[in-house]
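Chemist: Got a structure for you, questions after.
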Amino acid sequence: MANPDRVSNRAGTTLFLTQKLEEEPPIFNKHKADFDTSHNITHLVAGSDHLVIALASKVLRKVDASRKEKQEAERPGEVDVSKQCGPSGTISGVYIDPTGNHILVTVSRRDQQNSCDTYYLHWKSNKLKQFSTWAFNVPQLQKCRDHVITSIAWNPRNSAEASTGQILLGTSKGVVFEAELSPEEKILSPGAEQYWKNVYELSTPMAISGIEFHQVGDRKFFIILTTPTRLYQFVGLVTDLEDRPVLGQIFSNYIRIPERFLEIAGYSKHSCLQTFRPTIQEAPKTYAWLTSAGVHFGQIDPSQSENVTCNMKLFDYEKRPDGSFIVPLSLTSTEFHVLLAYPDSIRAISSLNEQLIMEDPILGSVGNVVGITRDAARGTIWAFSQRGVFRYTVTNESRNVWQILMEQGDFERAKALCHGNPASMDLILAREADFLFDSRKFEESAKLYAQTKVAFEEVALRLIDGKQEAALKTFLLQKLSFLKQEEVVQQVMLIMWLLEIQLNHLGKLKDDGRGHTPEYERRREELRQFLAAERVWRCMAPQKEVVYDLLASHGDSENLIFFARIVKDHQKVIQLSLEKSQYPQG
């Protein structure tokens, strides 16, 4: 940990940077969307600027947000689902893929059978297609009828308008299906599905609240699946990408072995799983899992062979006076933040240090907040209340991340995210140098101190007081290498100091009777290389008498002659050689 005194010495720089950050616009900027919401909103999903809004009136409203941004007149497409819902039914779920082309709608009824149905809708159509799995009396598929789709893992590599590619669907009874959906009509497949296979069943039937998969390279896949209390991971290789079901080949490796999962006590009906991908084709970098105990957050490392999640932590919720947690309604995540939807506000916390960075109240005539979602293809965040839709744009999200990482000691990531700002980089290097010094890595620390604007005297005195001569030498050499050619006075001072250090060391070795040891020879050779360095001899040639005096004071006539020959002071060479009767050298 850095010394508080040293930190306070650099507080001025930190204060300046903090004030600058406060002058910048907020990271999350809210705009109320001008959408007519004559009935309460129950669901909203977004993909590639395509929004599907489910209303309590059993109507789906399709809105192209990109056209709205251009203020083009457009009547939103509406799909009436009242016939499919019947008098006792409601729209229980809406899902849209990242391309914005493929939409799934689930309908649940409060009848004697508590029946449910799932429908496919293409963006360009207003016709709902019921899954034949539900619609037709096929004995081996009839057990699917009482399953409600509760989560979908869309295919991140799919860009086709006419097909979803292989996808995974999790159900209310802990079953995972693999399917491919298409709007095309086929005689042998009257429903939306091109194929539909049961690929995995949890041993404890529980609603699957989130599911994601990603392909790594040619054949490796990983799958993350959550319920309200458990997180599962499946990793493996697919032997044949043309064999359907594709991901069933991954699950098959786990069917005959005991289940492995991370479990968190409690239950939340709002449980969900969200991942963050820089682009839709890239592997997810982080995940956020909403549980009753908090937001379980972690990084994702696709290179791992068993568990791809790592660096996991639990973000606590705010507590009520009775000690119970105030669990959010839903969440979404960005690169460095998690956004939580509460009935009266949207809150953003840093995923790095759990600090609340935004609490945005949503009050008034728009009703209570219902949820929040992120358009994975565009990066836009959409929050929605009963009668309002709000668009959050993200501005320079990483602006102060480097400071958090620096405080946490993650100096390499801090450097990468300070965007080359000289003041920020200087502060990071100084803090890292402090850390290395306190870790007794003095020479590494000295190299970094030399790159900073930390006072020369402060660093030099610390190294002297700590009797770290080797680190002091490293620091002076580094400082010398950074000086400009015209900074002659500073160069002369550093060169003379370095000479003094090296001569003292050689003298100590002699005094200790080690004047003929390999270490002495090595140190003497280092001194000669230093004197022969072009930067050194060119700078000291006009002040050669000062060097002569220093070498003479240490009785080092050999190196005195050596330096005189380098600066081509022939008269001095002859004089010294005659004095020592070294005629051949003269």
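Labels used: A, B, ... for chains in the order of the structure tokens, numbers from 1 for residues in each chain, and numbers from 1 for ligands as shown.
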Looking only at strand (DSSP E) from DSSP on the backbone, list the matching residues of region 283-410 of chain A as a PyMOL selection string.
Modeler: chain A and resi 286-290+295-300+309-315+330-333+337-342+345-350+356-361+369-374+381-385+389-394
Chemist: Pull the helix (DSSP H, G or I) assignments for region 131-351 of chain A out of DSSP run on the backbone, and list those residues as a PDB file with all heavy atoms, in the first residue's frame.
Modeler:
ATOM      1  N   SER A 132     -45.224 -25.888 -34.064  1.00  0.00           N
ATOM      2  CA  SER A 132     -45.959 -27.131 -34.275  1.00  0.00           C
ATOM      3  C   SER A 132     -45.789 -28.051 -33.078  1.00  0.00           C
ATOM      4  O   SER A 132     -46.626 -28.901 -32.791  1.00  0.00           O
ATOM      5  CB  SER A 132     -45.468 -27.835 -35.544  1.00  0.00           C
ATOM      6  OG  SER A 132     -44.079 -28.096 -35.449  1.00  0.00           O
ATOM      7  N   THR A 133     -44.699 -27.888 -32.351  1.00  0.00           N
ATOM      8  CA  THR A 133     -44.474 -28.668 -31.132  1.00  0.00           C
ATOM      9  C   THR A 133     -45.639 -28.501 -30.171  1.00  0.00           C
ATOM     10  O   THR A 133     -46.032 -29.417 -29.468  1.00  0.00           O
ATOM     11  CB  THR A 133     -43.164 -28.194 -30.457  1.00  0.00           C
ATOM     12  OG1 THR A 133     -42.104 -28.370 -31.377  1.00  0.00           O
ATOM     13  CG2 THR A 133     -42.878 -28.965 -29.179  1.00  0.00           C
ATOM     14  N   TRP A 134     -46.192 -27.285 -30.128  1.00  0.00           N
ATOM     15  CA  TRP A 134     -47.328 -27.029 -29.251  1.00  0.00           C
ATOM     16  C   TRP A 134     -48.673 -27.263 -29.974  1.00  0.00           C
ATOM     17  O   TRP A 134     -49.623 -27.733 -29.391  1.00  0.00           O
ATOM     18  CB  TRP A 134     -47.281 -25.575 -28.779  1.00  0.00           C
ATOM     19  CG  TRP A 134     -46.454 -25.379 -27.550  1.00  0.00           C
ATOM     20  CD1 TRP A 134     -46.895 -25.300 -26.272  1.00  0.00           C
ATOM     21  CD2 TRP A 134     -45.053 -25.225 -27.477  1.00  0.00           C
ATOM     22  NE1 TRP A 134     -45.850 -25.115 -25.408  1.00  0.00           N
ATOM     23  CE2 TRP A 134     -44.706 -25.054 -26.123  1.00  0.00           C
ATOM     24  CE3 TRP A 134     -44.027 -25.220 -28.429  1.00  0.00           C
ATOM     25  CZ2 TRP A 134     -43.405 -24.880 -25.693  1.00  0.00           C
ATOM     26  CZ3 TRP A 134     -42.729 -25.048 -28.015  1.00  0.00           C
ATOM     27  CH2 TRP A 134     -42.430 -24.880 -26.654  1.00  0.00           C
ATOM     28  N   ALA A 135     -48.703 -26.909 -31.241  1.00  0.00           N
ATOM     29  CA  ALA A 135     -49.992 -26.837 -31.938  1.00  0.00           C
ATOM     30  C   ALA A 135     -50.533 -28.190 -32.360  1.00  0.00           C
ATOM     31  O   ALA A 135     -51.744 -28.374 -32.451  1.00  0.00           O
ATOM     32  CB  ALA A 135     -49.857 -25.951 -33.167  1.00  0.00           C
ATOM     33  N   PRO A 139     -47.463 -37.207 -30.149  1.00  0.00           N
ATOM     34  CA  PRO A 139     -47.300 -37.793 -28.810  1.00  0.00           C
ATOM     35  C   PRO A 139     -45.950 -37.507 -28.171  1.00  0.00           C
ATOM     36  O   PRO A 139     -45.876 -37.129 -27.007  1.00  0.00           O
ATOM     37  CB  PRO A 139     -47.510 -39.293 -29.073  1.00  0.00           C
ATOM     38  CG  PRO A 139     -48.380 -39.344 -30.281  1.00  0.00           C
ATOM     39  CD  PRO A 139     -47.949 -38.181 -31.132  1.00  0.00           C
ATOM     40  N   GLN A 140     -44.844 -37.700 -28.917  1.00  0.00           N
ATOM     41  CA  GLN A 140     -43.531 -37.539 -28.310  1.00  0.00           C
ATOM     42  C   GLN A 140     -43.203 -36.082 -27.989  1.00  0.00           C
ATOM     43  O   GLN A 140     -42.261 -35.804 -27.267  1.00  0.00           O
ATOM     44  CB  GLN A 140     -42.426 -38.135 -29.207  1.00  0.00           C
ATOM     45  CG  GLN A 140     -42.266 -37.427 -30.561  1.00  0.00           C
ATOM     46  CD  GLN A 140     -43.085 -38.091 -31.653  1.00  0.00           C
ATOM     47  OE1 GLN A 140     -44.159 -38.608 -31.353  1.00  0.00           O
ATOM     48  NE2 GLN A 140     -42.583 -38.080 -32.873  1.00  0.00           N
ATOM     49  N   LEU A 141     -43.993 -35.144 -28.519  1.00  0.00           N
ATOM     50  CA  LEU A 141     -43.742 -33.730 -28.257  1.00  0.00           C
ATOM     51  C   LEU A 141     -44.794 -33.122 -27.342  1.00  0.00           C
ATOM     52  O   LEU A 141     -44.705 -31.957 -26.975  1.00  0.00           O
ATOM     53  CB  LEU A 141     -43.704 -32.944 -29.576  1.00  0.00           C
ATOM     54  CG  LEU A 141     -42.612 -33.348 -30.571  1.00  0.00           C
ATOM     55  CD1 LEU A 141     -42.754 -32.518 -31.848  1.00  0.00           C
ATOM     56  CD2 LEU A 141     -41.233 -33.166 -29.969  1.00  0.00           C
ATOM     57  N   GLN A 142     -45.789 -33.890 -26.975  1.00  0.00           N
ATOM     58  CA  GLN A 142     -46.906 -33.344 -26.231  1.00  0.00           C
ATOM     59  C   GLN A 142     -46.483 -32.836 -24.847  1.00  0.00           C
ATOM     60  O   GLN A 142     -47.067 -31.920 -24.298  1.00  0.00           O
ATOM     61  CB  GLN A 142     -47.957 -34.451 -26.075  1.00  0.00           C
ATOM     62  CG  GLN A 142     -49.410 -34.039 -26.011  1.00  0.00           C
ATOM     63  CD  GLN A 142     -49.837 -32.868 -26.840  1.00  0.00           C
ATOM     64  OE1 GLN A 142     -49.360 -32.624 -27.941  1.00  0.00           O
ATOM     65  NE2 GLN A 142     -50.757 -32.112 -26.300  1.00  0.00           N
ATOM     66  N   LYS A 143     -45.390 -33.440 -24.286  1.00  0.00           N
ATOM     67  CA  LYS A 143     -44.941 -33.018 -22.959  1.00  0.00           C
ATOM     68  C   LYS A 143     -44.399 -31.583 -22.972  1.00  0.00           C
ATOM     69  O   LYS A 143     -44.252 -30.959 -21.931  1.00  0.00           O
ATOM     70  CB  LYS A 143     -43.860 -33.960 -22.434  1.00  0.00           C
ATOM     71  CG  LYS A 143     -42.547 -33.908 -23.217  1.00  0.00           C
ATOM     72  CD  LYS A 143     -41.498 -34.776 -22.539  1.00  0.00           C
ATOM     73  CE  LYS A 143     -40.153 -34.649 -23.238  1.00  0.00           C
ATOM     74  NZ  LYS A 143     -39.104 -35.441 -22.557  1.00  0.00           N
ATOM     75  N   CYS A 144     -44.103 -31.056 -24.157  1.00  0.00           N
ATOM     76  CA  CYS A 144     -43.599 -29.687 -24.242  1.00  0.00           C
ATOM     77  C   CYS A 144     -44.689 -28.661 -23.984  1.00  0.00           C
ATOM     78  O   CYS A 144     -44.389 -27.496 -23.697  1.00  0.00           O
ATOM     79  CB  CYS A 144     -43.012 -29.429 -25.628  1.00  0.00           C
ATOM     80  SG  CYS A 144     -41.633 -30.512 -26.055  1.00  0.00           S
ATOM     81  N   ARG A 145     -45.931 -29.089 -24.078  1.00  0.00           N
ATOM     82  CA  ARG A 145     -47.022 -28.118 -24.077  1.00  0.00           C
ATOM     83  C   ARG A 145     -47.141 -27.356 -22.764  1.00  0.00           C
ATOM     84  O   ARG A 145     -47.569 -26.217 -22.741  1.00  0.00           O
ATOM     85  CB  ARG A 145     -48.349 -28.824 -24.401  1.00  0.00           C
ATOM     86  CG  ARG A 145     -49.486 -27.849 -24.605  1.00  0.00           C
ATOM     87  CD  ARG A 145     -50.710 -28.513 -25.198  1.00  0.00           C
ATOM     88  NE  ARG A 145     -51.798 -27.565 -25.329  1.00  0.00           N
ATOM     89  CZ  ARG A 145     -51.917 -26.690 -26.311  1.00  0.00           C
ATOM     90  NH1 ARG A 145     -50.994 -26.642 -27.254  1.00  0.00           N
ATOM     91  NH2 ARG A 145     -52.928 -25.844 -26.373  1.00  0.00           N
ATOM     92  N   ASP A 146     -46.755 -27.963 -21.642  1.00  0.00           N
ATOM     93  CA  ASP A 146     -46.864 -27.268 -20.370  1.00  0.00           C
ATOM     94  C   ASP A 146     -45.550 -26.603 -19.958  1.00  0.00           C
ATOM     95  O   ASP A 146     -45.367 -26.258 -18.799  1.00  0.00           O
ATOM     96  CB  ASP A 146     -47.365 -28.223 -19.278  1.00  0.00           C
ATOM     97  CG  ASP A 146     -46.470 -29.447 -19.125  1.00  0.00           C
ATOM     98  OD1 ASP A 146     -45.527 -29.580 -19.921  1.00  0.00           O
ATOM     99  OD2 ASP A 146     -46.721 -30.255 -18.208  1.00  0.00           O
ATOM    100  N   GLY A 248     -26.283 -29.915 -28.581  1.00  0.00           N
ATOM    101  CA  GLY A 248     -26.582 -31.149 -27.858  1.00  0.00           C
ATOM    102  C   GLY A 248     -25.330 -31.988 -27.664  1.00  0.00           C
ATOM    103  O   GLY A 248     -25.216 -32.762 -26.703  1.00  0.00           O
ATOM    104  N   GLN A 249     -24.358 -31.828 -28.572  1.00  0.00           N
ATOM    105  CA  GLN A 249     -23.097 -32.565 -28.450  1.00  0.00           C
ATOM    106  C   GLN A 249     -22.300 -32.105 -27.230  1.00  0.00           C
ATOM    107  O   GLN A 249     -21.528 -32.868 -26.649  1.00  0.00           O
ATOM    108  CB  GLN A 249     -22.269 -32.383 -29.723  1.00  0.00           C
ATOM    109  CG  GLN A 249     -22.942 -32.916 -30.983  1.00  0.00           C
ATOM    110  CD  GLN A 249     -22.171 -32.541 -32.241  1.00  0.00           C
ATOM    111  OE1 GLN A 249     -21.009 -32.883 -32.381  1.00  0.00           O
ATOM    112  NE2 GLN A 249     -22.830 -31.818 -33.148  1.00  0.00           N
ATOM    113  N   ILE A 250     -22.471 -30.843 -26.823  1.00  0.00           N
ATOM    114  CA  ILE A 250     -21.814 -30.330 -25.620  1.00  0.00           C
ATOM    115  C   ILE A 250     -22.529 -30.874 -24.378  1.00  0.00           C
ATOM    116  O   ILE A 250     -21.905 -31.403 -23.459  1.00  0.00           O
ATOM    117  CB  ILE A 250     -21.816 -28.789 -25.591  1.00  0.00           C
ATOM    118  CG1 ILE A 250     -21.188 -28.216 -26.870  1.00  0.00           C
ATOM    119  CG2 ILE A 250     -21.125 -28.269 -24.340  1.00  0.00           C
ATOM    120  CD1 ILE A 250     -19.739 -28.552 -27.049  1.00  0.00           C
ATOM    121  N   PHE A 251     -23.845 -30.760 -24.358  1.00  0.00           N
ATOM    122  CA  PHE A 251     -24.611 -31.212 -23.198  1.00  0.00           C
ATOM    123  C   PHE A 251     -24.464 -32.717 -22.969  1.00  0.00           C
ATOM    124  O   PHE A 251     -24.528 -33.178 -21.820  1.00  0.00           O
ATOM    125  CB  PHE A 251     -26.091 -30.862 -23.377  1.00  0.00           C
ATOM    126  CG  PHE A 251     -26.413 -29.417 -23.170  1.00  0.00           C
ATOM    127  CD1 PHE A 251     -26.788 -28.613 -24.233  1.00  0.00           C
ATOM    128  CD2 PHE A 251     -26.329 -28.841 -21.903  1.00  0.00           C
ATOM    129  CE1 PHE A 251     -27.099 -27.271 -24.042  1.00  0.00           C
ATOM    130  CE2 PHE A 251     -26.640 -27.505 -21.705  1.00  0.00           C
ATOM    131  CZ  PHE A 251     -27.021 -26.716 -22.781  1.00  0.00           C
ATOM    132  N   SER A 252     -24.276 -33.473 -24.032  1.00  0.00           N
ATOM    133  CA  SER A 252     -24.199 -34.928 -23.884  1.00  0.00           C
ATOM    134  C   SER A 252     -23.043 -35.360 -22.987  1.00  0.00           C
ATOM    135  O   SER A 252     -23.095 -36.426 -22.363  1.00  0.00           O
ATOM    136  CB  SER A 252     -24.061 -35.589 -25.262  1.00  0.00           C
ATOM    137  OG  SER A 252     -22.823 -35.211 -25.868  1.00  0.00           O
ATOM    138  N   ASN A 253     -22.003 -34.533 -22.892  1.00  0.00           N
ATOM    139  CA  ASN A 253     -20.857 -34.857 -22.031  1.00  0.00           C
ATOM    140  C   ASN A 253     -21.194 -34.719 -20.548  1.00  0.00           C
ATOM    141  O   ASN A 253     -20.425 -35.171 -19.697  1.00  0.00           O
ATOM    142  CB  ASN A 253     -19.675 -33.943 -22.360  1.00  0.00           C
ATOM    143  CG  ASN A 253     -19.188 -34.104 -23.782  1.00  0.00           C
ATOM    144  OD1 ASN A 253     -19.181 -35.214 -24.316  1.00  0.00           O
ATOM    145  ND2 ASN A 253     -18.797 -33.013 -24.412  1.00  0.00           N
ATOM    146  N   TYR A 254     -22.318 -34.060 -20.236  1.00  0.00           N
ATOM    147  CA  TYR A 254     -22.669 -33.777 -18.844  1.00  0.00           C
ATOM    148  C   TYR A 254     -23.860 -34.589 -18.345  1.00  0.00           C
ATOM    149  O   TYR A 254     -24.213 -34.492 -17.169  1.00  0.00           O
ATOM    150  CB  TYR A 254     -22.986 -32.282 -18.691  1.00  0.00           C
ATOM    151  CG  TYR A 254     -21.783 -31.385 -18.868  1.00  0.00           C
ATOM    152  CD1 TYR A 254     -21.352 -31.005 -20.139  1.00  0.00           C
ATOM    153  CD2 TYR A 254     -21.081 -30.901 -17.771  1.00  0.00           C
ATOM    154  CE1 TYR A 254     -20.252 -30.176 -20.308  1.00  0.00           C
ATOM    155  CE2 TYR A 254     -19.985 -30.070 -17.931  1.00  0.00           C
ATOM    156  CZ  TYR A 254     -19.570 -29.713 -19.205  1.00  0.00           C
ATOM    157  OH  TYR A 254     -18.480 -28.898 -19.374  1.00  0.00           O
TER     158      TYR A 254
END
Chemist: Can you tell me which residues surround Gly367 (chain A) at a distance of at most 12 Å, considering only C-alpha atoms, apart from same-chain residues fewer than 5 positions away, and format the answer as an mmCIF file with N, CA, C and O atoms, in the first residue's frame?
Modeler:
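Writing the result to out-v7.cif gives the following:
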data_model
loop_
_atom_site.group_PDB
_atom_site.id
_atom_site.type_symbol
_atom_site.label_atom_id
_atom_site.label_comp_id
_atom_site.auth_asym_id
_atom_site.auth_seq_id
_atom_site.Cartn_x
_atom_site.Cartn_y
_atom_site.Cartn_z
ATOM 1 N N THR A 37 -48.051 5.456 -25.816
ATOM 2 C CA THR A 37 -48.323 4.292 -24.967
ATOM 3 C C THR A 37 -49.688 4.469 -24.312
ATOM 4 O O THR A 37 -49.809 4.883 -23.163
ATOM 5 N N HIS A 39 -51.716 2.196 -23.532
ATOM 6 C CA HIS A 39 -51.956 1.148 -22.536
ATOM 7 C C HIS A 39 -50.644 0.849 -21.812
ATOM 8 O O HIS A 39 -49.566 1.141 -22.310
ATOM 9 N N ASN A 40 -50.759 0.253 -20.647
ATOM 10 C CA ASN A 40 -49.562 -0.064 -19.865
ATOM 11 C C ASN A 40 -48.629 -1.000 -20.626
ATOM 12 O O ASN A 40 -49.073 -1.935 -21.303
ATOM 13 N N ILE A 41 -47.322 -0.729 -20.481
ATOM 14 C CA ILE A 41 -46.298 -1.570 -21.096
ATOM 15 C C ILE A 41 -45.977 -2.715 -20.140
ATOM 16 O O ILE A 41 -45.778 -2.510 -18.942
ATOM 17 N N THR A 42 -45.891 -3.926 -20.681
ATOM 18 C CA THR A 42 -45.528 -5.092 -19.851
ATOM 19 C C THR A 42 -44.150 -5.641 -20.202
ATOM 20 O O THR A 42 -43.470 -6.208 -19.341
ATOM 21 N N PRO A 343 -38.557 -0.028 -8.951
ATOM 22 C CA PRO A 343 -39.873 0.526 -9.298
ATOM 23 C C PRO A 343 -39.889 2.036 -9.490
ATOM 24 O O PRO A 343 -40.703 2.544 -10.267
ATOM 25 N N ASP A 344 -38.990 2.751 -8.813
ATOM 26 C CA ASP A 344 -39.023 4.214 -8.894
ATOM 27 C C ASP A 344 -37.772 4.841 -9.507
ATOM 28 O O ASP A 344 -37.649 6.055 -9.569
ATOM 29 N N SER A 345 -36.813 4.013 -9.960
ATOM 30 C CA SER A 345 -35.563 4.596 -10.457
ATOM 31 C C SER A 345 -34.738 3.588 -11.235
ATOM 32 O O SER A 345 -34.970 2.372 -11.164
ATOM 33 N N PRO A 361 -34.217 9.018 -10.887
ATOM 34 C CA PRO A 361 -35.622 8.776 -10.539
ATOM 35 C C PRO A 361 -36.523 8.808 -11.765
ATOM 36 O O PRO A 361 -36.338 9.631 -12.667
ATOM 37 N N ILE A 362 -37.470 7.920 -11.805
ATOM 38 C CA ILE A 362 -38.488 7.902 -12.868
ATOM 39 C C ILE A 362 -39.835 7.961 -12.169
ATOM 40 O O ILE A 362 -40.317 6.965 -11.626
ATOM 41 N N PHE A 384 -37.961 1.050 -19.311
ATOM 42 C CA PHE A 384 -39.378 1.302 -19.590
ATOM 43 C C PHE A 384 -40.196 1.184 -18.304
ATOM 44 O O PHE A 384 -39.924 0.354 -17.435
ATOM 45 N N SER A 385 -41.155 2.091 -18.223
ATOM 46 C CA SER A 385 -42.110 2.072 -17.121
ATOM 47 C C SER A 385 -43.474 1.678 -17.695
ATOM 48 O O SER A 385 -43.578 1.324 -18.872
ATOM 49 N N GLN A 386 -44.489 1.773 -16.885
ATOM 50 C CA GLN A 386 -45.811 1.364 -17.363
ATOM 51 C C GLN A 386 -46.276 2.197 -18.554
ATOM 52 O O GLN A 386 -46.936 1.690 -19.458
ATOM 53 N N ARG A 387 -45.894 3.482 -18.572
ATOM 54 C CA ARG A 387 -46.368 4.342 -19.674
ATOM 55 C C ARG A 387 -45.249 5.222 -20.245
ATOM 56 O O ARG A 387 -45.515 6.304 -20.765
ATOM 57 N N GLY A 388 -44.040 4.756 -20.151
ATOM 58 C CA GLY A 388 -42.949 5.548 -20.693
ATOM 59 C C GLY A 388 -41.780 4.677 -21.128
ATOM 60 O O GLY A 388 -41.527 3.613 -20.548
ATOM 61 N N VAL A 389 -41.072 5.138 -22.170
ATOM 62 C CA VAL A 389 -39.877 4.449 -22.667
ATOM 63 C C VAL A 389 -38.734 5.454 -22.649
ATOM 64 O O VAL A 389 -38.888 6.595 -23.105
#
Chemist: So which residues touch Arg399 (chain A) within 8 Å, counting only C-alpha atoms, skipping near sequence neighbours fewer than 2 positions away, as a ChimeraX atom specification?
Modeler: /A:21,396-397,401-402,417-418
Chemist: Just the selected residues (N, CA and C atoms), exported as a CSV table (one decimal), in the first residue's frame, please.
Modeler:
chain,number,residue,atom,x,y,z
A,21,LEU,N,-13.3,15.7,-14.5
A,21,LEU,CA,-14.3,14.6,-14.7
A,21,LEU,C,-15.7,15.2,-14.4
A,396,ASN,N,-18.4,8.0,-23.2
A,396,ASN,CA,-17.1,7.9,-22.6
A,396,ASN,C,-17.1,7.1,-21.3
A,397,GLU,N,-17.6,5.9,-21.4
A,397,GLU,CA,-17.8,5.1,-20.1
A,397,GLU,C,-16.5,4.9,-19.4
A,401,VAL,N,-12.2,5.0,-15.3
A,401,VAL,CA,-12.0,3.7,-14.9
A,401,VAL,C,-10.5,3.5,-14.5
A,402,TRP,N,-9.6,4.2,-15.2
A,402,TRP,CA,-8.2,4.1,-14.9
A,402,TRP,C,-7.9,4.4,-13.4
A,417,LEU,N,-6.2,2.2,-20.2
A,417,LEU,CA,-7.5,2.9,-20.2
A,417,LEU,C,-7.4,4.3,-19.9
A,418,CYS,N,-6.2,4.9,-19.7
A,418,CYS,CA,-6.1,6.3,-19.5
A,418,CYS,C,-6.0,7.1,-20.8
Chemist: Have a look at A:Ala471, A:Ile381, A:Ile561, A:Leu429 and name the one nearest to Lys441 (chain A); count only C-alpha atoms.
Modeler: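 Distance minimum relative to Lys441 (chain A) lands on A:Ala471.
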Chemist: Write out as a tab-separated table the residues of region 332-360 of chain A that have any atom within 8 Å of an atom of region 313-328 of chain A, one row each with the nearest atom pair and its distance in Å to one decimal, counting only C-alpha atoms, sorted by chain and then rising number.
Modeler:
residue	atom	partner	partner_atom	distance
A:Leu340	CA	A:Pro328	CA	6.1
A:Ala341	CA	A:Pro328	CA	5.6
A:Tyr342	CA	A:Pro328	CA	5.0
A:Pro343	CA	A:Pro328	CA	7.9
A:Glu354	CA	A:Phe315	CA	6.6
Chemist: Given the selection you just returned, output its residues as a file containing all heavy atoms, formatted as a CSV table (one decimal), in the first residue's frame.
Modeler:
chain,number,residue,atom,x,y,z
A,340,LEU,N,-29.4,-1.2,-12.8
A,340,LEU,CA,-30.5,-1.9,-12.1
A,340,LEU,C,-31.8,-1.2,-12.2
A,340,LEU,O,-31.8,0.1,-12.0
A,340,LEU,CB,-30.1,-2.1,-10.6
A,340,LEU,CG,-28.8,-2.8,-10.3
A,340,LEU,CD1,-28.4,-2.7,-8.9
A,340,LEU,CD2,-28.8,-4.2,-10.8
A,341,ALA,N,-32.9,-1.9,-12.5
A,341,ALA,CA,-34.2,-1.2,-12.5
A,341,ALA,C,-35.0,-1.5,-11.3
A,341,ALA,O,-35.2,-2.6,-10.9
A,341,ALA,CB,-35.0,-1.8,-13.7
A,342,TYR,N,-35.3,-0.4,-10.6
A,342,TYR,CA,-36.2,-0.4,-9.4
A,342,TYR,C,-37.5,0.2,-9.7
A,342,TYR,O,-37.6,0.9,-10.7
A,342,TYR,CB,-35.5,0.3,-8.2
A,342,TYR,CG,-34.3,-0.4,-7.7
A,342,TYR,CD1,-33.0,-0.2,-8.2
A,342,TYR,CD2,-34.5,-1.4,-6.6
A,342,TYR,CE1,-31.9,-0.9,-7.6
A,342,TYR,CE2,-33.4,-2.0,-6.1
A,342,TYR,CZ,-32.1,-1.8,-6.6
A,342,TYR,OH,-31.1,-2.5,-6.1
A,343,PRO,N,-38.6,0.0,-9.0
A,343,PRO,CA,-39.9,0.5,-9.3
A,343,PRO,C,-39.9,2.0,-9.5
A,343,PRO,O,-40.7,2.5,-10.3
A,343,PRO,CB,-40.8,0.1,-8.1
A,343,PRO,CG,-40.1,-1.1,-7.6
A,343,PRO,CD,-38.6,-0.9,-7.8
A,354,GLU,N,-18.1,-1.2,-7.2
A,354,GLU,CA,-19.4,-1.3,-6.6
A,354,GLU,C,-20.0,0.0,-6.1
A,354,GLU,O,-21.0,0.1,-5.5
A,354,GLU,CB,-19.5,-2.3,-5.4
A,354,GLU,CG,-19.0,-3.7,-5.7
A,354,GLU,CD,-19.0,-4.6,-4.5
A,354,GLU,OE1,-20.0,-4.6,-3.8
A,354,GLU,OE2,-18.0,-5.3,-4.4
Chemist: Pick out the closest residue to Gln84 (chain A) from this set: A:Ser268, A:Gln355, A:Thr204, A:Gln130. Count only C-alpha atoms.
Modeler: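 Ranking A:Ser268, A:Gln355, A:Thr204, A:Gln130 by distance to Gln84 (chain A), first place goes to A:Gln130.
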